[in-house]
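Peer 1: Data: input22.cif, mmCIF, C-alpha atoms (C1' of nucleotides).
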```cif
data_start
#
loop_
_atom_site.label_atom_id
_atom_site.label_comp_id
_atom_site.auth_asym_id
_atom_site.auth_seq_id
_atom_site.Cartn_x
_atom_site.Cartn_y
_atom_site.Cartn_z
CA MET V 1 -5.30 -22.20 28.43
CA GLN V 2 -6.37 -20.72 25.14
CA GLN V 3 -5.29 -17.35 26.40
CA ARG V 4 -2.00 -17.45 24.58
CA SER V 5 -3.78 -18.20 21.36
CA GLU V 6 -6.05 -15.21 21.70
CA GLU V 7 -3.14 -13.02 22.59
CA THR V 8 -1.31 -14.06 19.45
CA ARG V 9 -4.40 -13.43 17.37
CA SER V 10 -4.89 -9.95 18.76
CA LYS V 11 -1.20 -9.20 18.34
CA ILE V 12 -1.53 -10.07 14.66
CA ILE V 13 -4.60 -7.88 14.27
CA GLU V 14 -2.95 -5.02 16.10
CA SER V 15 0.12 -5.12 13.89
CA ALA V 16 -2.00 -5.55 10.78
CA ILE V 17 -4.03 -2.44 11.54
CA LYS V 18 -0.86 -0.54 12.20
CA LEU V 19 0.90 -1.65 9.02
CA PHE V 20 -2.09 -1.64 6.68
CA SER V 21 -2.80 1.89 7.85
CA SER V 22 0.69 3.20 7.39
CA ARG V 23 1.78 1.32 4.28
CA GLY V 24 -1.34 -0.01 2.66
CA PHE V 25 -2.68 -3.50 2.11
CA ASN V 26 -0.33 -4.47 -0.68
CA ALA V 27 2.79 -2.83 0.67
CA ALA V 28 2.44 -4.43 4.08
CA SER V 29 3.62 -7.99 3.63
CA VAL V 30 2.70 -10.96 5.78
CA ASP V 31 6.32 -11.18 6.84
CA ASP V 32 6.22 -7.57 7.98
CA ILE V 33 3.14 -8.19 10.07
CA CYS V 34 4.66 -11.30 11.62
CA ALA V 35 7.86 -9.45 12.43
CA ASP V 36 5.97 -6.56 13.99
CA ALA V 37 3.78 -8.90 16.01
CA GLY V 38 6.81 -10.89 17.07
CA ILE V 39 5.41 -14.20 15.87
CA SER V 40 6.19 -16.66 13.12
CA LYS V 41 4.61 -17.17 9.78
CA GLY V 42 3.33 -20.52 10.93
CA ALA V 43 1.40 -18.85 13.72
CA PHE V 44 -0.03 -16.37 11.28
CA TYR V 45 -1.41 -18.99 8.94
CA HIS V 46 -2.66 -20.96 11.88
CA HIS V 47 -4.95 -18.09 12.79
CA PHE V 48 -5.84 -16.77 9.35
CA GLU V 49 -6.45 -18.66 6.17
CA SER V 50 -4.93 -15.97 4.02
CA LYS V 51 -3.92 -12.33 3.94
CA GLN V 52 -7.31 -11.47 2.51
CA ALA V 53 -9.04 -13.34 5.34
CA LEU V 54 -7.19 -11.15 7.82
CA PHE V 55 -8.30 -8.10 5.89
CA LEU V 56 -11.91 -9.28 6.08
CA ALA V 57 -11.56 -9.89 9.82
CA LEU V 58 -10.38 -6.31 10.25
CA LEU V 59 -13.27 -5.09 8.15
CA ASP V 60 -15.73 -7.03 10.29
CA GLY V 61 -14.31 -5.50 13.43
CA TRP V 62 -14.72 -2.04 12.04
CA LEU V 63 -18.29 -2.62 10.91
CA GLN V 64 -19.05 -3.97 14.36
CA THR V 65 -18.00 -0.74 16.04
CA ILE V 66 -20.25 1.20 13.68
CA ASP V 67 -23.14 -1.13 14.44
CA ASP V 68 -22.55 -0.66 18.15
CA ALA V 69 -22.51 3.10 17.77
CA ILE V 70 -25.78 3.05 15.86
CA GLU V 71 -27.35 0.68 18.33
CA ALA V 72 -26.37 3.00 21.15
CA SER V 73 -28.05 5.98 19.53
CA LYS V 74 -31.36 4.28 18.87
CA ASP V 75 -34.53 5.44 20.60
CA LYS V 76 -33.22 8.96 20.25
CA SER V 77 -35.04 11.61 18.28
CA ALA V 78 -33.67 12.53 14.86
CA PRO V 79 -32.31 15.98 15.77
CA GLU V 80 -30.79 14.60 18.91
CA THR V 81 -29.05 11.84 16.98
CA PHE V 82 -27.51 14.32 14.59
CA MET V 83 -26.46 16.55 17.42
CA ARG V 84 -24.71 13.56 18.90
CA MET V 85 -22.99 12.98 15.60
CA THR V 86 -21.66 16.48 15.83
CA GLU V 87 -20.43 15.90 19.34
CA ALA V 88 -18.80 12.68 18.26
CA PHE V 89 -16.65 14.28 15.58
CA PRO V 90 -13.63 15.08 17.73
CA TYR V 91 -13.64 11.50 18.88
CA ILE V 92 -13.98 10.19 15.35
CA PHE V 93 -11.14 12.34 14.08
CA GLN V 94 -8.91 11.23 16.86
CA SER V 95 -9.62 7.53 16.94
CA ALA V 96 -10.48 6.80 13.32
CA GLY V 97 -8.04 9.37 12.05
CA ASN V 98 -5.00 7.16 12.30
CA HIS V 99 -6.72 4.21 10.71
CA LEU V 100 -8.56 6.22 8.10
CA PRO V 101 -6.27 5.21 5.26
CA MET V 102 -7.13 1.62 6.01
CA TYR V 103 -10.85 2.29 5.86
CA MET V 104 -10.27 3.95 2.52
CA GLU V 105 -8.50 0.83 1.48
CA PHE V 106 -11.57 -1.18 2.45
CA TRP V 107 -13.58 1.07 0.23
CA LEU V 108 -11.20 0.77 -2.67
CA GLN V 109 -10.80 -2.98 -2.38
CA ALA V 110 -14.56 -3.32 -2.21
CA SER V 111 -14.87 -1.87 -5.68
CA ARG V 112 -12.54 -4.54 -7.01
CA ASP V 113 -13.00 -7.62 -4.85
CA GLU V 114 -16.36 -9.38 -4.94
CA LYS V 115 -15.99 -10.91 -1.49
CA ILE V 116 -14.99 -7.68 0.20
CA TRP V 117 -17.66 -5.80 -1.69
CA GLN V 118 -20.38 -8.06 -0.37
CA ALA V 119 -19.06 -7.65 3.15
CA THR V 120 -19.08 -3.88 2.77
CA VAL V 121 -22.09 -2.92 0.73
CA ALA V 122 -24.70 -4.67 2.88
CA PRO V 123 -23.79 -2.74 6.05
CA TYR V 124 -23.52 0.46 4.03
CA ARG V 125 -27.05 0.02 2.75
CA ARG V 126 -28.21 -0.73 6.26
CA TYR V 127 -26.69 2.46 7.60
CA HIS V 128 -28.19 4.50 4.83
CA LYS V 129 -31.58 3.01 5.49
CA TYR V 130 -31.21 3.81 9.18
CA PHE V 131 -30.44 7.46 8.49
CA ALA V 132 -33.22 7.79 5.94
CA THR V 133 -35.73 6.30 8.38
CA LEU V 134 -34.50 8.61 11.09
CA ILE V 135 -34.95 11.64 8.86
CA LYS V 136 -38.38 10.54 7.78
CA LYS V 137 -39.32 10.19 11.41
CA GLY V 138 -38.06 13.73 12.03
CA ILE V 139 -40.14 15.06 9.16
CA ASP V 140 -43.26 13.27 10.34
CA GLU V 141 -42.74 14.60 13.84
CA GLY V 142 -42.48 18.10 12.40
CA SER V 143 -38.98 18.85 13.60
CA PHE V 144 -37.43 18.55 10.13
CA ALA V 145 -38.43 20.51 7.06
CA GLU V 146 -40.05 18.82 4.10
CA MET V 147 -37.46 16.97 2.06
CA ASN V 148 -36.53 13.71 0.39
CA PRO V 149 -35.23 11.53 3.25
CA ASP V 150 -33.22 9.34 0.90
CA VAL V 151 -31.35 12.26 -0.63
CA ALA V 152 -30.83 13.93 2.72
CA ALA V 153 -29.33 10.74 4.13
CA ARG V 154 -26.88 10.51 1.24
CA LEU V 155 -25.99 14.14 1.79
CA ILE V 156 -25.22 13.59 5.44
CA VAL V 157 -23.08 10.53 4.78
CA SER V 158 -21.31 12.45 2.02
CA THR V 159 -20.43 15.23 4.37
CA ALA V 160 -18.96 12.94 6.98
CA MET V 161 -16.98 10.94 4.44
CA GLY V 162 -15.82 13.99 2.52
CA LEU V 163 -14.59 15.69 5.65
CA LEU V 164 -12.67 12.63 6.72
CA LEU V 165 -11.15 12.39 3.25
CA GLN V 166 -10.06 15.98 3.23
CA SER V 167 -8.56 15.64 6.67
CA LEU V 168 -6.71 12.61 5.42
CA LEU V 169 -5.18 14.49 2.52
CA ASP V 170 -4.29 17.65 4.37
CA PRO V 171 -4.26 17.01 8.12
CA LYS V 172 -2.61 20.30 8.94
CA GLY V 173 -4.50 22.32 6.37
CA ALA V 174 -7.33 23.13 8.75
CA LYS V 175 -8.61 22.56 12.26
CA TRP V 176 -10.68 19.63 11.16
CA GLU V 177 -12.55 19.02 14.36
CA LYS V 178 -13.74 22.59 14.29
CA VAL V 179 -14.56 22.49 10.60
CA ALA V 180 -16.45 19.24 11.08
CA ARG V 181 -18.44 20.58 13.98
CA GLU V 182 -19.37 23.80 12.22
CA SER V 183 -20.21 22.31 8.87
CA THR V 184 -22.31 19.59 10.47
CA THR V 185 -24.17 22.26 12.40
CA MET V 186 -24.63 24.19 9.18
CA LEU V 187 -26.02 21.14 7.48
CA LEU V 188 -28.26 20.31 10.39
CA ASN V 189 -29.67 23.83 10.40
CA SER V 190 -30.64 23.46 6.79
CA LEU V 191 -32.63 20.35 7.72
CA VAL V 192 -34.40 21.65 10.79
CA LYS V 193 -37.75 23.34 10.31
CA LYS V 194 -37.53 27.07 10.66
CA MET C 1 8.96 11.67 -37.04
CA GLN C 2 8.44 12.02 -33.34
CA GLN C 3 4.85 11.13 -33.96
CA ARG C 4 5.46 7.47 -33.28
CA SER C 5 7.11 8.35 -30.01
CA GLU C 6 4.13 10.38 -28.87
CA GLU C 7 1.79 7.65 -29.95
CA THR C 8 3.67 5.13 -27.83
CA ARG C 9 3.60 7.46 -24.87
CA SER C 10 -0.11 8.02 -25.09
CA LYS C 11 -0.70 4.32 -25.58
CA ILE C 12 1.13 3.70 -22.30
CA ILE C 13 -0.88 6.36 -20.51
CA GLU C 14 -4.12 5.02 -21.91
CA SER C 15 -3.39 1.49 -20.77
CA ALA C 16 -2.12 2.69 -17.41
CA ILE C 17 -5.34 4.58 -16.70
CA LYS C 18 -7.33 1.55 -17.72
CA LEU C 19 -5.39 -0.91 -15.58
CA PHE C 20 -4.74 1.32 -12.57
CA SER C 21 -8.47 2.01 -12.48
CA SER C 22 -9.58 -1.56 -12.72
CA ARG C 23 -6.90 -3.30 -10.68
CA GLY C 24 -5.20 -0.62 -8.63
CA PHE C 25 -1.70 0.80 -8.68
CA ASN C 26 0.05 -2.12 -7.05
CA ALA C 27 -1.86 -4.89 -8.73
CA ALA C 28 -1.34 -3.48 -12.20
CA SER C 29 2.21 -4.42 -13.09
CA VAL C 30 4.45 -2.68 -15.58
CA ASP C 31 4.39 -5.86 -17.65
CA ASP C 32 0.61 -5.76 -17.72
CA ILE C 33 0.62 -2.18 -18.92
CA CYS C 34 3.18 -2.95 -21.62
CA ALA C 35 1.21 -5.94 -22.81
CA ASP C 36 -2.02 -3.96 -22.93
CA ALA C 37 -0.36 -1.11 -24.78
CA GLY C 38 1.28 -3.55 -27.18
CA ILE C 39 4.79 -2.28 -26.54
CA SER C 40 7.91 -3.57 -24.84
CA LYS C 41 9.33 -2.89 -21.44
CA GLY C 42 12.22 -1.07 -23.05
CA ALA C 43 9.81 1.37 -24.62
CA PHE C 44 8.12 1.89 -21.29
CA TYR C 45 11.29 2.78 -19.45
CA HIS C 46 12.36 4.95 -22.33
CA HIS C 47 9.33 7.15 -21.74
CA PHE C 48 9.01 6.95 -17.98
CA GLU C 49 11.72 6.83 -15.38
CA SER C 50 9.73 4.58 -13.09
CA LYS C 51 6.26 3.29 -12.35
CA GLN C 52 5.81 6.08 -9.84
CA ALA C 53 6.80 8.65 -12.45
CA LEU C 54 4.02 7.36 -14.68
CA PHE C 55 1.62 7.64 -11.77
CA LEU C 56 2.66 11.24 -11.24
CA ALA C 57 2.19 11.99 -14.92
CA LEU C 58 -1.35 10.64 -14.70
CA LEU C 59 -1.96 12.74 -11.61
CA ASP C 60 -0.72 15.85 -13.40
CA GLY C 61 -3.06 15.18 -16.29
CA TRP C 62 -6.00 14.88 -13.97
CA LEU C 63 -5.17 18.06 -12.05
CA GLN C 64 -4.84 19.86 -15.35
CA THR C 65 -8.40 19.01 -16.33
CA ILE C 66 -9.63 20.36 -13.00
CA ASP C 67 -7.64 23.52 -13.50
CA ASP C 68 -9.16 23.92 -16.94
CA ALA C 69 -12.66 23.45 -15.58
CA ILE C 70 -12.10 26.05 -12.90
CA GLU C 71 -10.54 28.45 -15.34
CA ALA C 72 -13.57 28.08 -17.58
CA SER C 73 -15.97 28.97 -14.79
CA LYS C 74 -14.21 32.12 -13.69
CA ASP C 75 -15.82 35.53 -14.06
CA LYS C 76 -19.10 33.85 -13.17
CA SER C 77 -21.08 34.80 -10.08
CA ALA C 78 -20.95 32.47 -7.11
CA PRO C 79 -24.50 31.10 -7.37
CA GLU C 80 -24.06 30.62 -11.08
CA THR C 81 -20.84 28.71 -10.55
CA PHE C 82 -22.52 26.32 -8.14
CA MET C 83 -25.47 25.92 -10.46
CA ARG C 84 -23.00 24.92 -13.14
CA MET C 85 -21.47 22.42 -10.76
CA THR C 86 -24.89 20.89 -10.41
CA GLU C 87 -25.32 20.74 -14.14
CA ALA C 88 -21.91 19.17 -14.47
CA PHE C 89 -22.67 16.24 -12.21
CA PRO C 90 -24.02 13.85 -14.84
CA TYR C 91 -20.91 14.51 -16.87
CA ILE C 92 -18.67 13.98 -13.88
CA PHE C 93 -20.32 10.72 -12.95
CA GLN C 94 -20.05 9.45 -16.47
CA SER C 95 -16.51 10.51 -17.31
CA ALA C 96 -14.84 10.35 -13.93
CA GLY C 97 -16.89 7.41 -12.79
CA ASN C 98 -14.82 4.78 -14.48
CA HIS C 99 -11.57 6.28 -13.34
CA LEU C 100 -12.75 7.16 -9.87
CA PRO C 101 -10.95 4.28 -8.18
CA MET C 102 -7.73 5.65 -9.62
CA TYR C 103 -8.37 9.10 -8.24
CA MET C 104 -9.01 7.54 -4.88
CA GLU C 105 -5.71 5.82 -5.26
CA PHE C 106 -4.06 9.19 -5.81
CA TRP C 107 -5.62 10.32 -2.58
CA LEU C 108 -4.49 7.27 -0.69
CA GLN C 109 -0.96 7.29 -2.07
CA ALA C 110 -0.71 10.98 -1.25
CA SER C 111 -1.13 10.20 2.42
CA ARG C 112 1.84 7.85 2.27
CA ASP C 113 4.15 9.15 -0.41
CA GLU C 114 5.86 12.49 0.15
CA LYS C 115 6.35 13.22 -3.54
CA ILE C 116 2.77 12.43 -4.52
CA TRP C 117 1.49 14.31 -1.51
CA GLN C 118 3.26 17.48 -2.55
CA ALA C 119 1.88 17.14 -6.05
CA THR C 120 -1.64 16.71 -4.69
CA VAL C 121 -1.99 18.96 -1.70
CA ALA C 122 -0.94 22.18 -3.38
CA PRO C 123 -3.68 22.01 -6.03
CA TYR C 124 -6.17 20.90 -3.39
CA ARG C 125 -5.44 23.99 -1.33
CA ARG C 126 -5.70 26.13 -4.41
CA TYR C 127 -9.14 24.75 -5.21
CA HIS C 128 -10.31 25.25 -1.67
CA LYS C 129 -9.13 28.82 -1.73
CA TYR C 130 -10.94 29.38 -4.98
CA PHE C 131 -14.22 28.13 -3.57
CA ALA C 132 -13.85 30.07 -0.35
CA THR C 133 -13.14 33.27 -2.25
CA LEU C 134 -16.12 32.63 -4.48
CA ILE C 135 -18.38 32.19 -1.48
CA LYS C 136 -17.03 35.28 0.21
CA LYS C 137 -17.76 37.20 -2.96
CA GLY C 138 -21.30 35.84 -2.92
CA ILE C 139 -21.78 36.95 0.67
CA ASP C 140 -20.43 40.43 0.00
CA GLU C 141 -22.71 40.74 -2.98
CA GLY C 142 -25.63 39.78 -0.81
CA SER C 143 -26.67 36.68 -2.70
CA PHE C 144 -25.37 34.29 -0.03
CA ALA C 145 -26.37 34.24 3.61
CA GLU C 146 -23.92 35.13 6.32
CA MET C 147 -21.54 32.24 6.96
CA ASN C 148 -17.94 31.17 7.33
CA PRO C 149 -16.66 30.93 3.73
CA ASP C 150 -13.88 28.56 4.70
CA VAL C 151 -16.21 26.07 6.36
CA ALA C 152 -18.77 26.34 3.60
CA ALA C 153 -16.12 25.58 1.00
CA ARG C 154 -15.05 22.45 2.87
CA LEU C 155 -18.67 21.42 3.12
CA ILE C 156 -19.19 21.74 -0.61
CA VAL C 157 -16.06 19.79 -1.46
CA SER C 158 -17.10 17.16 1.07
CA THR C 159 -20.43 16.72 -0.59
CA ALA C 160 -18.95 16.23 -4.02
CA MET C 161 -16.32 13.81 -2.79
CA GLY C 162 -18.67 11.92 -0.53
CA LEU C 163 -21.18 11.42 -3.30
CA LEU C 164 -18.53 10.14 -5.64
CA LEU C 165 -17.30 7.76 -2.96
CA GLN C 166 -20.73 6.40 -2.28
CA SER C 167 -21.39 5.92 -5.96
CA LEU C 168 -18.11 4.07 -6.17
CA LEU C 169 -19.06 1.66 -3.42
CA ASP C 170 -22.61 1.03 -4.51
CA PRO C 171 -23.06 2.09 -8.14
CA LYS C 172 -26.44 0.44 -8.48
CA GLY C 173 -27.69 1.37 -5.03
CA ALA C 174 -29.15 4.66 -6.18
CA LYS C 175 -29.62 6.91 -9.21
CA TRP C 176 -26.51 8.83 -8.39
CA GLU C 177 -26.88 11.56 -10.97
CA LYS C 178 -30.27 12.36 -9.57
CA VAL C 179 -29.12 12.15 -5.96
CA ALA C 180 -26.16 14.37 -6.75
CA ARG C 181 -28.28 16.95 -8.50
CA GLU C 182 -30.86 17.08 -5.73
CA SER C 183 -28.49 17.12 -2.81
CA THR C 184 -26.37 19.80 -4.42
CA THR C 185 -29.48 21.87 -4.94
CA MET C 186 -30.41 21.27 -1.31
CA LEU C 187 -27.02 22.41 -0.19
CA LEU C 188 -27.09 25.44 -2.44
CA ASN C 189 -30.46 26.47 -1.09
CA SER C 190 -29.08 26.44 2.42
CA LEU C 191 -26.38 28.87 1.30
CA VAL C 192 -28.51 31.29 -0.67
CA LYS C 193 -30.01 34.23 1.19
CA LYS C 194 -33.69 33.80 1.85
"C1'" DA Y 1 26.50 8.17 -39.12
"C1'" DA Y 2 24.64 9.82 -34.93
"C1'" DA Y 3 20.78 9.68 -31.99
"C1'" DA Y 4 16.42 8.51 -30.59
"C1'" DA Y 5 13.05 4.80 -30.13
"C1'" DC Y 6 12.16 0.32 -29.25
"C1'" DA Y 7 12.85 -4.93 -28.28
"C1'" DT Y 8 14.43 -8.90 -25.47
"C1'" DA Y 9 16.61 -11.48 -22.14
"C1'" DC Y 10 17.68 -11.25 -17.66
"C1'" DC Y 11 18.47 -10.00 -12.51
"C1'" DG Y 12 18.00 -9.77 -7.51
"C1'" DA Y 13 14.55 -8.81 -4.23
"C1'" DC Y 14 10.45 -9.99 -2.50
"C1'" DT Y 15 5.78 -12.04 -2.39
"C1'" DG Y 16 1.97 -15.15 -0.34
"C1'" DG Y 17 1.69 -19.53 0.97
"C1'" DT Y 18 3.30 -24.55 2.37
"C1'" DC Y 19 5.15 -28.13 5.17
"C1'" DG Y 20 7.58 -31.13 8.38
"C1'" DG Y 21 8.94 -30.72 12.78
"C1'" DT Y 22 8.88 -28.77 17.74
"C1'" DT Y 23 6.83 -26.79 21.83
"C1'" DT Y 24 2.99 -25.70 24.72
"C1'" DT Y 25 -1.52 -26.61 26.49
"C1'" DA Y 26 -5.55 -29.21 28.15
"C1'" DC Y 27 -7.20 -33.00 30.22
"C1'" DA Y 28 -7.72 -37.76 31.72
"C1'" DT Y 29 -5.85 -41.02 34.80
"C1'" DA Y 30 -3.62 -42.70 38.82
"C1'" DT O 1 -0.33 -33.81 42.91
"C1'" DA O 2 2.20 -36.21 39.43
"C1'" DT O 3 2.26 -38.10 34.91
"C1'" DG O 4 1.13 -39.54 30.28
"C1'" DT O 5 -0.76 -38.13 25.86
"C1'" DA O 6 -3.23 -36.19 22.11
"C1'" DA O 7 -4.33 -31.99 20.12
"C1'" DA O 8 -3.61 -27.26 19.46
"C1'" DA O 9 -0.30 -23.65 18.82
"C1'" DC O 10 3.74 -22.32 16.97
"C1'" DC O 11 8.27 -22.25 14.40
"C1'" DG O 12 11.26 -21.31 10.39
"C1'" DA O 13 13.21 -23.06 6.23
"C1'" DC O 14 11.58 -23.38 1.81
"C1'" DC O 15 8.99 -22.88 -2.76
"C1'" DA O 16 7.34 -21.23 -7.14
"C1'" DG O 17 6.06 -17.19 -9.05
"C1'" DT O 18 6.01 -12.10 -9.68
"C1'" DC O 19 7.76 -7.67 -9.21
"C1'" DG O 20 10.23 -3.25 -10.82
"C1'" DG O 21 14.11 -2.25 -13.03
"C1'" DT O 22 18.52 -2.93 -16.08
"C1'" DA O 23 21.85 -4.15 -19.74
"C1'" DT O 24 22.57 -4.91 -24.23
"C1'" DG O 25 21.36 -5.18 -28.76
"C1'" DT O 26 18.38 -3.87 -32.92
"C1'" DT O 27 15.56 -0.87 -35.66
"C1'" DT O 28 13.95 3.54 -37.09
"C1'" DT O 29 14.32 8.45 -37.59
"C1'" DT O 30 16.89 12.66 -38.48
#
```
Have the structure of the file written as structure tokens, please.
Peer 2:
Amino acid sequence: MQQRSEETRSKIIESAIKLFSSRGFNAASVDDICADAGISKGAFYHHFESKQALFLALLDGWLQTIDDAIEASKDKSAPETFMRMTEAFPYIFQSAGNHLPMYMEFWLQASRDEKIWQATVAPYRRYHKYFATLIKKGIDEGSFAEMNPDVAARLIVSTAMGLLLQSLLDPKGAKWEKVARESTTMLLNSLVKK
Amino acid sequence: MQQRSEETRSKIIESAIKLFSSRGFNAASVDDICADAGISKGAFYHHFESKQALFLALLDGWLQTIDDAIEASKDKSAPETFMRMTEAFPYIFQSAGNHLPMYMEFWLQASRDEKIWQATVAPYRRYHKYFATLIKKGIDEGSFAEMNPDVAARLIVSTAMGLLLQSLLDPKGAKWEKVARESTTMLLNSLVKK
DNA sequence: AAAAACATACCGACTGGTCGGTTTTACATA
DNA sequence: TATGTAAAACCGACCAGTCGGTATGTTTTT
């Protein structure tokens, strides 16, 4: 059976997410990850070429979940999609919340590491394009006010990212789910045709 | 003269900003900083207790510039303040742009390091309070529409941070100064009373 | 001459990664 | 079903290099 192999691999990934999130990419050593996963260093390097390769694997997994989420919301109207975004915030804050520092690390590493940058920027541009197209569709349909779809898409992404960042810095400083819901609604209202 | 001493100190800080920005806190070693500054390790540890202490000094310097900027915009009306924010964007993107990765690093470290967190979160809360008060003032004066000042303040900070983050990831993906100016204007329009 | 500023050699801890050897698995054969 | 065997999976000691930090000595300033 190759079941054991897959189990080991997922144990490594699980521990890596946990430790990268809590300590950071640099501070979490390969030894730490192996110890947490309860496997040996040999097993680690059997499954992953390097520490960076593991990092990239984690990044891929994350991007995949975003792709899935986008795919699931296709064929929806623009306002409906954004409403769903609003509804999704509690879920995002709960599930992504713990791993948020790691996603930030992706971001930061991307600005310094060519390989990671290439793996990150292409999906980012794809997402932006998706949002911009969606907004343009909404404008054409008459449900959104006249505006620059490109700028509006950046604005929406900014809001989501900025809220997550603020919640990361000061988790107990506000009821973030509530703030996220209300500010997204606020933003959405400014887009919708009056 | 204590002039030489101060020169050494500022040389260290200069090199630290440069290397922390380009390589990150962990990847930039004390030796690297010393080499870049053209001084010895002894000199380094004469001026700073530890690498973390240097990091905190850099953080303090950054927060000071924000404080100064806020202080300079006081006694202005709320809409005027936000208009000035818009005007300031090109400057921000130019000056902060290069050091942005380091500021992100502050953010990230703050979520993991108690000391750095305390040094970061207090100013953050102060800034948020300032914005919220400003918005409330604008509402009371009748220039802003009815809204939750707290949420609106988070939204504004989110926008600024999110834009900076996006520009960090994909500097050549858009004309960020233009996007920032337009989306801030968009946001401001949604606040102003119609 | 006292003190502050700086230089240099050095330390133990830890890092990512390697390597020879061992165990487990998958599969063909009988 | 039992058995032999090659490959895949895994182990853990080990390596060379780097890290932040220190101890001690030298130069410069006051």
Peer 1: Report the closest atom pair, with its distance in Å rounded to one decimal, for each residue of chain Y that has an atom no farther than 8 Å from chain C; count only C-alpha atoms (C1' of nucleotides), sort by chain and then rising residue number, and write it as JSON lines.
Peer 2:
```
{"residue": "Y:DA5", "atom": "C1'", "partner": "C:Ser5", "partner_atom": "CA", "distance": 6.9}
{"residue": "Y:DC6", "atom": "C1'", "partner": "C:Ala43", "partner_atom": "CA", "distance": 5.3}
{"residue": "Y:DA7", "atom": "C1'", "partner": "C:Ser40", "partner_atom": "CA", "distance": 6.2}
```
Peer 1: Taking the file as I've supplied it (selection: the PyMOL selection byres ((chain O) within 9 of (chain V))), which residues are included? Please answer as JSON, numbers by chain.
Peer 2: {"O": [9, 10, 11, 12]}
Peer 1: When you count all atoms listed in the file, which of these residues is closest to chain V: C:Met161, C:Leu58, C:Ala53, C:Leu188?
Peer 2: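 So, comparing all the options, the nearest one is C:Met161.
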Peer 1: Could you list, with a cut-off of 8 Å and counting only C-alpha atoms, the residues of chain C near chain V, each shown with its nearest atom pair and the distance in Å rounded to one decimal, rows sorted by chain and ascending number, as a tab-separated table?
Peer 2:
```
residue	atom	partner	partner_atom	distance
C:Ser22	CA	V:Arg112	CA	7.1
C:Arg23	CA	V:Arg112	CA	6.8
C:Asn26	CA	V:Asn26	CA	6.8
C:Pro101	CA	V:Leu108	CA	6.5
C:Met104	CA	V:Leu108	CA	7.5
C:Glu105	CA	V:Leu108	CA	7.9
C:Trp107	CA	V:Leu169	CA	6.6
C:Leu108	CA	V:Pro101	CA	6.5
C:Ala110	CA	V:Leu169	CA	6.8
C:Ser111	CA	V:Leu169	CA	5.9
C:Arg112	CA	V:Arg23	CA	6.8
C:Trp117	CA	V:Leu169	CA	7.8
C:Val121	CA	V:Asp170	CA	6.6
C:Arg125	CA	V:Gly173	CA	7.9
C:Val151	CA	V:Val179	CA	5.8
C:Ala152	CA	V:Ser183	CA	6.8
C:Arg154	CA	V:Leu163	CA	7.3
C:Leu155	CA	V:Ser183	CA	6.0
C:Val157	CA	V:Gly162	CA	7.0
C:Ser158	CA	V:Gly162	CA	3.7
C:Thr159	CA	V:Ser158	CA	5.1
C:Ala160	CA	V:Ser158	CA	7.5
C:Met161	CA	V:Gly162	CA	5.3
C:Gly162	CA	V:Ser158	CA	3.7
C:Leu163	CA	V:Ser158	CA	5.4
C:Leu165	CA	V:Ser158	CA	7.9
C:Gln166	CA	V:Ser158	CA	7.4
C:Leu168	CA	V:Ser111	CA	6.8
C:Leu169	CA	V:Ser111	CA	5.9
C:Asp170	CA	V:Val121	CA	6.6
C:Gly173	CA	V:Arg125	CA	7.9
C:Val179	CA	V:Val151	CA	5.8
C:Glu182	CA	V:Val151	CA	7.0
C:Ser183	CA	V:Leu155	CA	6.0
C:Leu187	CA	V:Leu187	CA	7.8
C:Ser190	CA	V:Ser190	CA	5.5
```
Peer 1: Do you know which residues the PyMOL selection byres ((chain O and resi 6) around 10) returns on this file, as a ChimeraX atom specification?
Peer 2: /Y:26-27 /O:4-5,7-8
Peer 1: Rounded to one decimal place, report the atom CA of C:Tyr45-atom CA of V:Ser29 distance in Å.
Peer 2: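 Rounded to one decimal, the two atoms are 26.6 Å apart.
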Peer 1: Carefully work through the PyMOL selection byres ((chain O and resi 1) around 12) for this structure and note down the residues it includes, as a list in words.
Peer 2: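 Applied to this file, the PyMOL selection byres ((chain O and resi 1) around 12) returns DA30 of chain Y; DA2 and DT3 of chain O.
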Peer 1: Using only C-alpha atoms (C1' of nucleotides), which protein or nucleic acid residues come within 9 Å of Y:DA4? Drop anything in the same chain fewer than 6 positions from it, and give the result as a PyMOL selection string.
Peer 2: chain O and resi 28-30
Peer 1: Would you work out the distance separating atom CA of V:Glu80 from atom CA of V:Trp62, expressed in Å to one decimal?
Peer 2: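 These two atoms are separated by 24.1 Å.
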Peer 1: Counting only C-alpha atoms (C1' of nucleotides), what is within 12 Å of Y:DC11, bar same-chain residues fewer than 2 positions away, as a PyMOL selection string?
Peer 2: (chain Y and resi 9+13) or (chain O and resi 19-23)
Peer 1: Neighbouring residues of C:Tyr127 were defined as those with any atom within 9 Å, considering only C-alpha atoms (C1' of nucleotides); residues of the same chain fewer than 6 positions away were excluded. Please report them as a ChimeraX atom specification.
Peer 2: /C:66-67,70
Peer 1: Would you mind reading off the distance between atom CA of V:Ala145 and atom CA of V:Glu87, one decimal, in Å?
Peer 2: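 So the two atoms, atom CA of V:Ala145 and atom CA of V:Glu87, lie 22.3 Å apart.
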Peer 1: So which residues fall inside 10 Å of (1.7, -21.5, -4.4) if we count all atoms listed in the file? Mind giving them as a list in words?
Peer 2: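 Protein, DNA and RNA residues close to (1.7, -21.5, -4.4): DG16, DG17 and DT18 of chain Y; DC15, DA16 and DG17 of chain O.
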